[in-house]
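Structure file entry.cif (mmCIF, C-alpha atoms and all ligand atoms) is printed below.
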data_target
#
loop_
_atom_site.label_atom_id
_atom_site.label_comp_id
_atom_site.auth_asym_id
_atom_site.auth_seq_id
_atom_site.Cartn_x
_atom_site.Cartn_y
_atom_site.Cartn_z
CA MET A 1 0.00 0.00 0.00
CA GLN A 2 2.71 2.44 1.11
CA GLU A 3 4.82 1.65 -1.94
CA GLU A 4 1.95 2.13 -4.31
CA ILE A 5 1.07 5.47 -2.73
CA GLN A 6 4.67 6.56 -3.13
CA LYS A 7 4.56 5.58 -6.77
CA HIS A 8 1.54 7.83 -7.31
CA ASN A 9 3.17 10.66 -5.36
CA GLN A 10 6.28 10.71 -7.55
CA ALA A 11 4.63 12.64 -10.35
CA SER A 12 3.50 15.43 -7.99
CA PHE A 13 6.65 16.16 -5.96
CA THR A 14 7.91 19.04 -8.10
CA ARG A 15 4.50 20.70 -8.38
CA VAL A 16 3.93 20.41 -4.61
CA SER A 17 7.37 21.75 -3.83
CA GLU A 18 6.96 24.81 -6.03
CA ALA A 19 3.49 25.66 -4.74
CA PHE A 20 4.61 25.14 -1.17
CA ASP A 21 7.69 27.34 -1.50
CA PHE A 22 5.60 30.15 -2.97
CA LEU A 23 3.02 30.00 -0.17
CA ALA A 24 5.54 29.42 2.63
CA ASN A 25 7.48 32.45 1.46
CA LYS A 26 4.37 34.63 1.58
CA LEU A 27 3.33 33.35 5.01
CA THR A 28 6.81 33.76 6.46
CA LYS A 29 6.85 37.37 5.25
CA ASN A 30 3.58 37.81 7.19
CA GLY A 31 5.38 36.67 10.33
CA LEU A 32 4.00 33.14 10.47
CA ASP A 33 5.98 30.09 11.60
CA VAL A 34 5.38 27.68 8.71
CA GLY A 35 7.25 24.84 10.41
CA ASN A 36 4.91 25.11 13.38
CA ILE A 37 1.84 25.12 11.12
CA LEU A 38 3.09 21.97 9.38
CA SER A 39 3.68 20.18 12.65
CA GLN A 40 0.21 21.14 13.98
CA LEU A 41 -1.28 19.88 10.72
CA SER A 42 0.69 16.67 10.89
CA GLY A 43 -0.55 15.96 14.41
CA PHE A 44 -4.21 16.64 13.66
CA GLN A 45 -6.15 13.38 13.83
CA VAL A 46 -9.85 12.88 13.23
CA ALA A 47 -11.73 9.77 14.31
CA ILE A 48 -13.81 7.80 11.83
CA PRO A 49 -16.92 6.18 13.31
CA SER A 50 -17.42 2.50 12.71
CA TRP A 51 -20.84 3.20 11.16
CA ALA A 52 -19.49 5.54 8.48
CA LEU A 53 -17.96 3.02 6.10
CA GLY A 54 -21.19 1.83 4.55
CA ALA A 55 -23.83 3.57 2.52
CA GLY A 56 -26.22 5.58 4.65
CA GLY A 57 -29.95 5.53 4.31
CA THR A 58 -32.84 7.93 4.38
CA ARG A 59 -36.30 7.44 5.84
CA PHE A 60 -37.27 6.20 2.41
CA GLY A 61 -34.58 3.78 1.48
CA ARG A 62 -30.98 2.77 1.27
CA TYR A 63 -28.85 2.11 -1.76
CA GLY A 64 -25.75 -0.02 -1.26
CA ILE A 65 -22.38 1.00 -2.65
CA GLY A 66 -20.90 -2.46 -3.09
CA GLY A 67 -17.93 -3.90 -1.22
CA GLU A 68 -19.13 -2.43 2.07
CA PRO A 69 -17.41 -3.76 5.20
CA ALA A 70 -19.78 -6.36 6.65
CA ASN A 71 -17.81 -6.98 9.83
CA LEU A 72 -15.67 -5.09 12.31
CA GLU A 73 -12.41 -6.41 10.83
CA ASP A 74 -13.29 -5.00 7.41
CA LYS A 75 -14.24 -1.68 8.99
CA PHE A 76 -10.78 -1.44 10.56
CA HIS A 77 -9.33 -2.22 7.17
CA ASP A 78 -11.27 0.66 5.58
CA VAL A 79 -10.36 3.19 8.28
CA GLY A 80 -6.75 2.00 8.05
CA LEU A 81 -6.93 2.58 4.30
CA ILE A 82 -8.23 6.13 4.75
CA HIS A 83 -5.49 6.75 7.30
CA ALA A 84 -2.81 5.36 4.97
CA LEU A 85 -4.05 7.70 2.24
CA THR A 86 -4.59 10.87 4.29
CA GLY A 87 -2.41 10.50 7.40
CA CYS A 88 -5.07 12.18 9.53
CA ALA A 89 -7.63 9.46 10.29
CA GLY A 90 -5.71 7.63 13.00
CA ALA A 91 -8.63 6.79 15.28
CA ILE A 92 -11.83 4.78 15.20
CA SER A 93 -14.98 5.43 17.19
CA LEU A 94 -17.01 2.32 17.92
CA HIS A 95 -20.75 2.16 18.11
CA ILE A 96 -22.15 -0.33 20.59
CA PRO A 97 -24.03 -2.63 19.97
CA TRP A 98 -23.59 -2.32 16.20
CA ASP A 99 -19.90 -3.12 16.53
CA ILE A 100 -19.20 -5.17 19.64
CA PRO A 101 -15.72 -6.71 19.40
CA LYS A 102 -15.88 -10.45 20.06
CA ASP A 103 -12.18 -10.85 20.76
CA THR A 104 -10.82 -7.72 22.45
CA LEU A 105 -7.18 -8.70 22.13
CA ALA A 106 -7.47 -9.52 18.43
CA ILE A 107 -9.28 -6.24 17.76
CA LYS A 108 -6.62 -4.28 19.62
CA GLU A 109 -3.95 -5.93 17.50
CA LEU A 110 -5.93 -5.22 14.35
CA ALA A 111 -6.20 -1.55 15.31
CA ALA A 112 -2.49 -1.33 16.02
CA ALA A 113 -1.66 -3.04 12.71
CA ASN A 114 -3.68 -0.34 10.94
CA GLY A 115 -2.07 2.46 12.97
CA LEU A 116 -5.35 3.23 14.73
CA VAL A 117 -6.26 4.10 18.31
CA PHE A 118 -9.70 3.94 19.91
CA ASP A 119 -11.55 7.21 20.19
CA ALA A 120 -14.78 7.68 22.18
CA VAL A 121 -17.19 4.75 22.32
CA ASN A 122 -20.83 5.47 21.53
CA SER A 123 -23.83 4.02 23.34
CA ASN A 124 -27.17 3.45 21.68
CA THR A 125 -30.47 3.71 23.49
CA PHE A 126 -32.29 5.14 20.48
CA GLN A 127 -33.49 1.75 19.25
CA ASP A 128 -34.45 -1.56 20.84
CA GLN A 129 -32.16 -4.51 20.34
CA PRO A 130 -33.44 -7.96 19.28
CA GLY A 131 -34.93 -9.74 22.28
CA GLN A 132 -34.93 -6.64 24.47
CA LYS A 133 -37.82 -7.05 26.93
CA LEU A 134 -38.32 -3.40 27.87
CA SER A 135 -38.61 -0.76 25.17
CA TYR A 136 -37.02 2.66 24.67
CA LYS A 137 -40.01 3.76 22.63
CA PHE A 138 -40.96 6.36 25.25
CA GLY A 139 -37.44 7.25 26.33
CA SER A 140 -34.33 5.68 27.82
CA LEU A 141 -32.33 7.61 30.43
CA SER A 142 -35.32 9.93 30.89
CA ASN A 143 -38.04 7.26 31.00
CA VAL A 144 -40.68 7.50 33.75
CA ASN A 145 -40.24 3.75 34.28
CA LYS A 146 -37.26 3.06 36.53
CA ASP A 147 -36.66 -0.41 35.07
CA ILE A 148 -36.25 1.11 31.60
CA ARG A 149 -33.91 3.80 32.93
CA ASP A 150 -31.88 1.11 34.67
CA LEU A 151 -31.67 -0.90 31.45
CA ALA A 152 -30.35 2.16 29.59
CA ILE A 153 -27.87 2.93 32.38
CA ALA A 154 -26.65 -0.70 32.39
CA HIS A 155 -26.12 -0.51 28.62
CA ASN A 156 -23.99 2.62 29.00
CA LYS A 157 -21.95 0.93 31.74
CA GLU A 158 -21.39 -2.05 29.44
CA VAL A 159 -20.20 0.34 26.71
CA VAL A 160 -17.72 1.84 29.21
CA ASP A 161 -16.47 -1.68 30.04
CA ILE A 162 -15.99 -2.57 26.36
CA GLY A 163 -14.24 0.75 25.68
CA ASN A 164 -12.04 0.33 28.71
CA ALA A 165 -10.88 -3.10 27.56
CA LEU A 166 -9.93 -1.58 24.18
CA GLY A 167 -8.08 1.43 25.56
CA SER A 168 -10.73 4.04 24.83
CA LYS A 169 -10.92 6.94 27.29
CA SER A 170 -14.35 8.44 26.68
CA ILE A 171 -17.99 7.70 26.03
CA THR A 172 -20.37 9.81 23.94
CA VAL A 173 -24.02 9.77 24.93
CA TRP A 174 -26.54 10.98 22.40
CA LEU A 175 -30.11 10.59 23.58
CA ALA A 176 -33.08 10.41 21.26
CA ASP A 177 -35.33 11.03 24.26
CA GLY A 178 -38.13 13.53 23.84
CA SER A 179 -41.80 13.73 22.91
CA ASN A 180 -43.88 14.26 19.82
CA PHE A 181 -46.96 15.88 21.34
CA PRO A 182 -47.71 18.51 23.98
CA GLY A 183 -48.71 16.84 27.22
CA GLN A 184 -47.00 13.57 26.36
CA SER A 185 -44.07 14.20 28.67
CA ASN A 186 -43.35 16.25 31.76
CA PHE A 187 -40.30 18.27 30.70
CA ARG A 188 -38.85 18.68 34.15
CA THR A 189 -39.32 15.10 35.24
CA ALA A 190 -37.66 13.89 32.02
CA LEU A 191 -34.73 16.26 32.52
CA ASP A 192 -34.34 15.33 36.18
CA PHE A 193 -34.32 11.59 35.42
CA THR A 194 -31.78 12.23 32.65
CA ALA A 195 -29.51 14.15 35.03
CA GLN A 196 -29.68 11.31 37.58
CA SER A 197 -29.05 8.62 34.97
CA LEU A 198 -26.05 10.49 33.50
CA GLN A 199 -24.60 10.95 36.97
CA GLU A 200 -24.83 7.21 37.58
CA ILE A 201 -22.99 6.51 34.31
CA TYR A 202 -20.44 9.20 35.17
CA GLN A 203 -19.78 7.69 38.59
CA TYR A 204 -19.20 4.33 36.97
CA MET A 205 -16.53 5.58 34.54
CA PRO A 206 -12.83 5.07 35.36
CA THR A 207 -11.42 8.31 36.77
CA ASP A 208 -9.32 9.00 33.66
CA TRP A 209 -12.38 8.80 31.42
CA SER A 210 -14.52 11.59 29.99
CA LEU A 211 -18.26 11.71 29.40
CA PHE A 212 -19.40 13.62 26.30
CA ILE A 213 -23.01 14.77 26.25
CA GLU A 214 -24.33 15.45 22.74
CA TYR A 215 -27.34 17.71 22.18
CA LYS A 216 -29.83 18.08 19.37
CA PRO A 217 -32.84 20.40 19.03
CA TYR A 218 -35.26 18.04 17.29
CA GLU A 219 -35.46 14.65 15.58
CA PRO A 220 -36.33 11.86 16.09
CA HIS A 221 -38.89 13.68 18.21
CA PHE A 222 -40.56 16.77 16.86
CA TYR A 223 -42.15 18.54 19.79
CA HIS A 224 -39.57 18.40 22.56
CA THR A 225 -36.11 16.98 23.08
CA VAL A 226 -34.72 16.37 26.57
CA ILE A 227 -31.15 17.50 25.75
CA GLN A 228 -32.10 20.12 23.22
CA ASP A 229 -29.16 22.51 23.19
CA TRP A 230 -25.63 23.29 24.37
CA GLY A 231 -26.91 25.02 27.51
CA THR A 232 -28.81 21.94 28.63
CA SER A 233 -25.81 19.74 27.84
CA LEU A 234 -23.48 22.07 29.74
CA MET A 235 -25.81 22.11 32.74
CA LEU A 236 -25.95 18.31 32.80
CA ALA A 237 -22.16 18.07 32.38
CA ASN A 238 -21.63 20.47 35.27
CA ALA A 239 -24.00 18.40 37.41
CA CYS A 240 -21.88 15.31 36.70
CA GLY A 241 -18.41 16.73 37.37
CA ASN A 242 -15.05 17.80 35.95
CA HIS A 243 -14.78 14.96 33.47
CA ALA A 244 -18.13 15.55 31.81
CA PHE A 245 -18.24 17.77 28.73
CA THR A 246 -20.50 19.06 26.00
CA LEU A 247 -20.19 17.58 22.53
CA VAL A 248 -21.03 19.76 19.53
CA ASP A 249 -22.37 18.10 16.39
CA LEU A 250 -22.49 20.67 13.59
CA GLY A 251 -25.81 19.39 12.26
CA HIS A 252 -27.53 19.52 15.63
CA HIS A 253 -28.58 23.15 15.48
CA LEU A 254 -31.57 25.06 14.24
CA PRO A 255 -30.95 26.89 10.94
CA ASN A 256 -28.63 29.91 11.18
CA THR A 257 -27.46 29.19 14.72
CA ASN A 258 -24.11 30.87 15.40
CA ILE A 259 -22.17 27.68 16.14
CA GLU A 260 -18.81 29.48 16.38
CA ASN A 261 -20.24 31.51 19.25
CA ILE A 262 -21.27 28.29 21.05
CA VAL A 263 -17.79 26.81 20.53
CA SER A 264 -16.20 29.94 21.94
CA THR A 265 -18.47 29.92 25.01
CA LEU A 266 -17.83 26.25 25.76
CA ILE A 267 -14.04 26.62 25.55
CA TYR A 268 -14.33 29.69 27.79
CA GLN A 269 -15.85 27.34 30.38
CA GLY A 270 -13.37 24.52 29.67
CA LYS A 271 -16.29 22.32 28.67
CA LEU A 272 -15.91 21.55 24.97
CA GLY A 273 -15.33 17.80 24.98
CA GLY A 274 -15.81 16.74 21.42
CA PHE A 275 -16.83 17.68 17.97
CA HIS A 276 -18.81 15.88 15.29
CA PHE A 277 -18.13 17.24 11.80
CA ASN A 278 -20.65 17.22 8.96
CA ASP A 279 -22.48 19.84 6.94
CA SER A 280 -26.07 20.76 6.33
CA LYS A 281 -28.43 23.00 4.43
CA TYR A 282 -31.62 22.56 6.46
CA GLY A 283 -31.36 20.23 9.44
CA ASP A 284 -29.26 17.26 10.50
CA ASP A 285 -28.43 16.58 6.87
CA ASP A 286 -25.11 14.81 7.65
CA LEU A 287 -23.54 15.91 4.37
CA THR A 288 -19.84 16.01 3.52
CA VAL A 289 -17.93 18.44 5.75
CA GLY A 290 -17.40 21.77 3.98
CA SER A 291 -19.74 20.95 1.10
CA ILE A 292 -22.38 23.56 1.96
CA LYS A 293 -20.97 26.11 4.42
CA PRO A 294 -17.17 26.13 4.27
CA TYR A 295 -16.99 29.70 5.59
CA GLN A 296 -18.88 28.72 8.72
CA LEU A 297 -16.45 25.85 9.22
CA PHE A 298 -13.56 28.30 8.94
CA LEU A 299 -15.16 30.66 11.49
CA ILE A 300 -15.65 27.73 13.87
CA PHE A 301 -11.99 26.76 13.50
CA ASN A 302 -11.04 30.36 14.18
CA GLU A 303 -12.76 30.06 17.58
CA LEU A 304 -11.28 26.62 18.21
CA VAL A 305 -7.73 27.70 17.41
CA TRP A 306 -7.93 31.00 19.29
CA GLY A 307 -9.83 29.49 22.21
CA LEU A 308 -7.40 26.63 22.69
CA GLU A 309 -4.45 29.01 22.43
CA HIS A 310 -6.02 31.20 25.13
CA ASN A 311 -7.16 28.27 27.21
CA ILE A 312 -7.96 29.88 30.56
CA LYS A 313 -9.99 26.96 31.93
CA ASN A 314 -7.72 24.18 30.60
CA ASN A 315 -10.18 22.81 28.11
CA PRO A 316 -8.76 19.39 27.17
CA ALA A 317 -7.95 18.76 23.50
CA PRO A 318 -11.38 18.06 21.95
CA ALA A 319 -12.12 14.67 20.41
CA TRP A 320 -12.63 15.23 16.67
CA MET A 321 -14.89 12.92 14.73
CA ILE A 322 -16.69 12.88 11.39
CA ASP A 323 -20.38 12.10 11.84
CA ALA A 324 -21.90 12.07 8.39
CA SER A 325 -24.07 9.86 6.25
CA HIS A 326 -23.08 8.77 2.77
CA ASN A 327 -26.19 8.33 0.70
CA LEU A 328 -24.89 9.07 -2.78
CA LYS A 329 -21.12 8.94 -2.71
CA ASP A 330 -18.65 6.18 -2.03
CA PRO A 331 -18.26 6.50 1.78
CA ILE A 332 -14.46 6.37 1.55
CA GLU A 333 -14.39 9.18 -1.02
CA ASP A 334 -16.85 11.18 1.09
CA LEU A 335 -14.67 10.75 4.19
CA ILE A 336 -11.54 11.78 2.29
CA GLN A 337 -13.32 14.94 1.12
CA SER A 338 -14.46 15.65 4.68
CA LEU A 339 -10.95 15.22 6.04
CA ASP A 340 -9.64 17.60 3.38
CA ALA A 341 -12.26 20.21 4.28
CA ILE A 342 -11.40 19.94 7.99
CA LEU A 343 -7.67 20.34 7.38
CA ILE A 344 -8.22 23.29 5.03
CA ALA A 345 -10.39 25.14 7.56
CA PHE A 346 -7.90 24.34 10.32
CA VAL A 347 -4.93 25.75 8.37
CA GLN A 348 -6.90 28.79 7.27
CA ALA A 349 -7.61 29.50 10.93
CA LEU A 350 -3.93 29.04 11.77
CA ILE A 351 -2.86 31.69 9.25
CA ILE A 352 -5.22 34.43 10.48
CA ASP A 353 -3.23 37.50 11.43
CA GLN A 354 -4.47 37.47 15.04
CA LYS A 355 -2.43 40.49 16.07
CA ALA A 356 -3.82 42.66 13.29
CA LEU A 357 -7.31 41.34 14.01
CA GLN A 358 -7.04 42.27 17.65
CA THR A 359 -5.83 45.77 16.73
CA ALA A 360 -8.73 46.18 14.30
CA GLN A 361 -11.14 45.08 17.04
CA MET A 362 -9.60 47.54 19.52
CA ASN A 363 -9.97 50.32 16.93
CA HIS A 364 -13.55 49.32 16.06
CA ASP A 365 -12.35 48.94 12.50
CA VAL A 366 -15.10 46.65 11.29
CA SER A 367 -14.11 46.62 7.63
CA LEU A 368 -10.50 45.76 8.34
CA ALA A 369 -11.49 42.97 10.74
CA GLN A 370 -13.54 41.39 7.96
CA GLU A 371 -10.68 41.82 5.47
CA ILE A 372 -8.26 40.06 7.84
CA LEU A 373 -10.52 37.05 8.30
CA GLN A 374 -11.36 36.78 4.63
CA ASP A 375 -7.76 37.18 3.57
CA ALA A 376 -7.00 33.96 5.47
CA TYR A 377 -10.15 32.26 4.18
CA ARG A 378 -9.38 33.14 0.58
CA THR A 379 -5.83 31.82 0.74
CA ASP A 380 -5.36 28.53 -1.07
CA VAL A 381 -3.68 26.57 1.74
CA ARG A 382 -3.71 23.22 -0.03
CA PRO A 383 0.05 23.32 -0.78
CA LEU A 384 0.66 23.21 3.00
CA ILE A 385 -1.51 20.12 3.35
CA GLN A 386 0.12 18.47 0.34
CA LYS A 387 3.57 19.24 1.72
CA MET A 388 2.62 17.69 5.07
CA ARG A 389 1.29 14.61 3.29
CA ALA A 390 4.37 14.26 1.11
CA SER A 391 6.62 14.38 4.16
CA LYS A 392 4.44 11.79 5.97
CA ASN A 393 4.61 9.44 2.99
CA VAL A 394 0.83 9.43 2.61
CA ALA A 395 -1.03 10.35 -0.58
CA ILE A 396 -0.48 13.91 -1.78
CA ASP A 397 -3.89 13.74 -3.44
CA PRO A 398 -5.79 11.02 -1.53
CA LEU A 399 -8.96 11.04 -3.62
CA LYS A 400 -7.08 10.83 -6.91
CA THR A 401 -4.84 8.07 -5.57
CA TYR A 402 -7.87 6.15 -4.26
CA ARG A 403 -9.41 6.29 -7.70
CA THR A 404 -6.23 5.51 -9.61
CA MET A 405 -5.68 2.48 -7.40
CA ASP A 406 -9.26 1.40 -8.21
CA ILE A 407 -9.81 0.51 -4.59
CA ARG A 408 -13.63 0.37 -4.60
CA ASN A 409 -13.68 -2.20 -7.39
CA LYS A 410 -11.06 -4.22 -5.55
CA LEU A 411 -13.25 -4.13 -2.43
CA ILE A 412 -16.26 -5.20 -4.48
CA ALA A 413 -14.26 -8.07 -5.98
CA LYS A 414 -13.26 -9.15 -2.47
CA ARG A 415 -16.48 -8.59 -0.53
CA GLY A 416 -19.15 -8.78 -3.18
CA VAL A 417 -21.48 -6.23 -4.70
CA ASN A 418 -24.20 -6.90 -2.11
CA SER A 419 -22.01 -6.69 0.96
CA ARG A 420 -23.72 -4.38 3.45
CA ALA A 421 -22.19 -2.58 6.42
CA THR A 422 -23.67 -3.55 9.77
CA GLY A 423 -25.47 -0.94 11.82
CA LEU A 424 -27.61 1.94 10.57
MN MN A 501 -23.22 13.21 16.26
#

Translate this structure into structure tokens?
Amino acid sequence: MQEEIQKHNQASFTRVSEAFDFLANKLTKNGLDVGNILSQLSGFQVAIPSWALGAGGTRFGRYGIGGEPANLEDKFHDVGLIHALTGCAGAISLHIPWDIPKDTLAIKELAAANGLVFDAVNSNTFQDQPGQKLSYKFGSLSNVNKDIRDLAIAHNKEVVDIGNALGSKSITVWLADGSNFPGQSNFRTALDFTAQSLQEIYQYMPTDWSLFIEYKPYEPHFYHTVIQDWGTSLMLANACGNHAFTLVDLGHHLPNTNIENIVSTLIYQGKLGGFHFNDSKYGDDDLTVGSIKPYQLFLIFNELVWGLEHNIKNNPAPAWMIDASHNLKDPIEDLIQSLDAILIAFVQALIIDQKALQTAQMNHDVSLAQEILQDAYRTDVRPLIQKMRASKNVAIDPLKTYRTMDIRNKLIAKRGVNSRATGL
């Protein structure tokens, strides 16, 4: 694999070198430390969730892509492949129970062989499992029935145990709990039960673990959601303790929400635990990162970079993950495009002239402040990413290499055209 990637890189070395030198020269003149930017880029790793390697579905249907990974081993292979191509997908995030490892030791070895570590594990109380006696239909951690709450808590504890055996250090809880009709649920009771249930899960975690609480304004329920927004998540995290954090999923906001402002506020409180990347036009569309609102992504990265550089409350390094659904594209191509978009926004944020921006802000120079941000945003930073990739011996142009190597057809030949990813 490595050798073949190198073969494809050969043709691009001169082009990359020239473009990089030109850009690096310009950035250095602007007072930027290009070596530092390259090393930050090189260290940036985004987790791929185990459910992202197959074709996604809509409420109306699902179309397979062919050669999908039908078991956990194949999923590791695919994430390992993306990591070998891009150099920035060095972690996998498991969904339980869709992807319960049968042999922990073997799975750990498989991860290591693919250069992967285990990111946050994800629990699932948004659907009933085969043979489950009590149902989550009317809620899980928030349910009025204590036996159902206990079942959901026990599941989360089991997910912690599985993650712990693998070397994971965090659990992400996303609750589908809510109601569809006024009067169906008592808001406060549901919230109170949720707080108690989360605290029980939190107490169970090893002390070096983190709990990430994900919020979402609506869907699957359409009248009320128990953990509807970042404020509710933050409140619940604070009620748990120091190792509980809010997780921001880009698609989990009402249209036009200022997500960069939320990110800034959470880092200010040291409570931004994790981040789920995707993009959307209307709701939780789960589209390719950067495909619809790349400027918003850049503005979010501006807050992330600045906030973590001025980290007054010691916000830990957030867990980055792509949480998207691939309904039309080859999932591997979609993930490569998402990783590219994330790296581009990250570098663009790194090259913002922060000193000049601060001066403009102090002088109430609104026009100049906008110019400074947009100057960074309009810079083609891809030569920096290509240079980083060339020096890491991964693909300079991952998507092109993936296609030239004809990997999807090879996967189809190996796994079959009807092979379907588990989960979803
Ligand atoms: Mn998510």

Using CA of Gly274 in chain A and CA of Lys108 in chain A as the two end points, give the distance in Å to one decimal.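 CA of Gly274 in chain A sits 23.0 Å away from CA of Lys108 in chain A.
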
Please determine the residues with any atom at most 10 Å from (9.2, 27.5, 5.1) (coordinates as given in the file, with all atoms listed in the file counting) and report them as a list in words. Phe20, Asp21, Phe22, Leu23, Ala24, Asn25, Lys26, Leu27, Thr28, Leu32, Asp33, Val34, Gly35, Asn36, Ile37, Leu38 and Leu384 of chain A

Nearby residues (only C-alpha atoms) at most 8 Å from range 2-17 of chain A, same-chain spacing under 6 positions excluded, as a PDB file with C-alpha atoms, in the coordinates of the input:
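As a result, part36.pdb now contains:
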ATOM      1  CA  ALA A  84      -2.810   5.360   4.970  1.00  0.00           C
ATOM      2  CA  LEU A  85      -4.050   7.700   2.240  1.00  0.00           C
ATOM      3  CA  PRO A 383       0.050  23.320  -0.780  1.00  0.00           C
ATOM      4  CA  GLN A 386       0.120  18.470   0.340  1.00  0.00           C
ATOM      5  CA  LYS A 387       3.570  19.240   1.720  1.00  0.00           C
ATOM      6  CA  ALA A 390       4.370  14.260   1.110  1.00  0.00           C
ATOM      7  CA  ASN A 393       4.610   9.440   2.990  1.00  0.00           C
ATOM      8  CA  VAL A 394       0.830   9.430   2.610  1.00  0.00           C
ATOM      9  CA  ALA A 395      -1.030  10.350  -0.580  1.00  0.00           C
ATOM     10  CA  ILE A 396      -0.480  13.910  -1.780  1.00  0.00           C
ATOM     11  CA  ASP A 397      -3.890  13.740  -3.440  1.00  0.00           C
ATOM     12  CA  THR A 401      -4.840   8.070  -5.570  1.00  0.00           C
TER      13      THR A 401
END

Nearest to Trp306 in chain A, chosen from A:Val289, A:Leu211, A:Leu339, A:Ile352, with all atoms listed in the file counted in the distances: A:Ile352

Rounded to one decimal in Å, what is the spacing between CA of His221 in chain A and CA of Gly178 in chain A?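 So the answer is 5.7 Å.
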
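Remark: for ligand MN 501 (chain A), the closest of the candidate residues A:Ala356, A:Ala176, A:Ile412, A:Ala190 is A:Ala176 (distances computed over all atoms listed in the file).
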
Calculated over only C-alpha atoms and all ligand atoms, which of the candidates A:Thr172, A:Asn114, A:Thr359, A:Ser39 has the smallest distance to ligand MN 501 (chain A)? A:Thr172

Coordinates-based distance that separates CA of Tyr268 in chain A from CA of Lys169 in chain A (Å, one decimal):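 Atom-to-atom, CA of Lys169 in chain A to CA of Tyr268 in chain A, that is 23.0 Å.
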
Residues within 12 Å of ligand MN 501 (chain A), counting all atoms listed in the file: report them as JSON, numbers by chain. {"A": [48, 49, 51, 52, 93, 95, 120, 122, 123, 124, 172, 173, 174, 175, 176, 212, 213, 214, 215, 216, 246, 247, 248, 249, 250, 251, 252, 253, 274, 275, 276, 277, 278, 279, 284, 285, 286, 319, 320, 321, 322, 323, 324, 325]}

Output as a PDB file, in the frame of the given file: range 256-268 of chain A, completed with N, CA and C atoms.
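Heads up, here's the output in out_1.pdb:
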ATOM      1  N   ASN A 256     -29.258  28.605  10.919  1.00  0.00           N
ATOM      2  CA  ASN A 256     -28.630  29.910  11.180  1.00  0.00           C
ATOM      3  C   ASN A 256     -28.092  30.112  12.591  1.00  0.00           C
ATOM      4  N   THR A 257     -28.065  29.067  13.394  1.00  0.00           N
ATOM      5  CA  THR A 257     -27.460  29.190  14.720  1.00  0.00           C
ATOM      6  C   THR A 257     -25.982  29.569  14.571  1.00  0.00           C
ATOM      7  N   ASN A 258     -25.521  30.460  15.426  1.00  0.00           N
ATOM      8  CA  ASN A 258     -24.110  30.870  15.400  1.00  0.00           C
ATOM      9  C   ASN A 258     -23.286  29.833  16.174  1.00  0.00           C
ATOM     10  N   ILE A 259     -22.859  28.804  15.481  1.00  0.00           N
ATOM     11  CA  ILE A 259     -22.170  27.680  16.140  1.00  0.00           C
ATOM     12  C   ILE A 259     -20.797  28.115  16.658  1.00  0.00           C
ATOM     13  N   GLU A 260     -20.129  29.023  15.925  1.00  0.00           N
ATOM     14  CA  GLU A 260     -18.810  29.480  16.380  1.00  0.00           C
ATOM     15  C   GLU A 260     -18.912  30.181  17.739  1.00  0.00           C
ATOM     16  N   ASN A 261     -20.024  30.853  17.961  1.00  0.00           N
ATOM     17  CA  ASN A 261     -20.240  31.510  19.250  1.00  0.00           C
ATOM     18  C   ASN A 261     -20.386  30.467  20.367  1.00  0.00           C
ATOM     19  N   ILE A 262     -21.085  29.374  20.069  1.00  0.00           N
ATOM     20  CA  ILE A 262     -21.270  28.290  21.050  1.00  0.00           C
ATOM     21  C   ILE A 262     -19.910  27.664  21.387  1.00  0.00           C
ATOM     22  N   VAL A 263     -19.125  27.405  20.344  1.00  0.00           N
ATOM     23  CA  VAL A 263     -17.790  26.810  20.530  1.00  0.00           C
ATOM     24  C   VAL A 263     -16.948  27.699  21.443  1.00  0.00           C
ATOM     25  N   SER A 264     -16.969  28.988  21.152  1.00  0.00           N
ATOM     26  CA  SER A 264     -16.200  29.940  21.940  1.00  0.00           C
ATOM     27  C   SER A 264     -16.632  29.917  23.416  1.00  0.00           C
ATOM     28  N   THR A 265     -17.933  29.908  23.642  1.00  0.00           N
ATOM     29  CA  THR A 265     -18.470  29.920  25.010  1.00  0.00           C
ATOM     30  C   THR A 265     -18.074  28.654  25.766  1.00  0.00           C
ATOM     31  N   LEU A 266     -18.144  27.517  25.089  1.00  0.00           N
ATOM     32  CA  LEU A 266     -17.830  26.250  25.760  1.00  0.00           C
ATOM     33  C   LEU A 266     -16.339  26.179  26.126  1.00  0.00           C
ATOM     34  N   ILE A 267     -15.465  26.639  25.223  1.00  0.00           N
ATOM     35  CA  ILE A 267     -14.040  26.620  25.550  1.00  0.00           C
ATOM     36  C   ILE A 267     -13.760  27.589  26.703  1.00  0.00           C
ATOM     37  N   TYR A 268     -14.451  28.711  26.699  1.00  0.00           N
ATOM     38  CA  TYR A 268     -14.330  29.690  27.790  1.00  0.00           C
ATOM     39  C   TYR A 268     -14.595  29.025  29.146  1.00  0.00           C
TER      40      TYR A 268
END
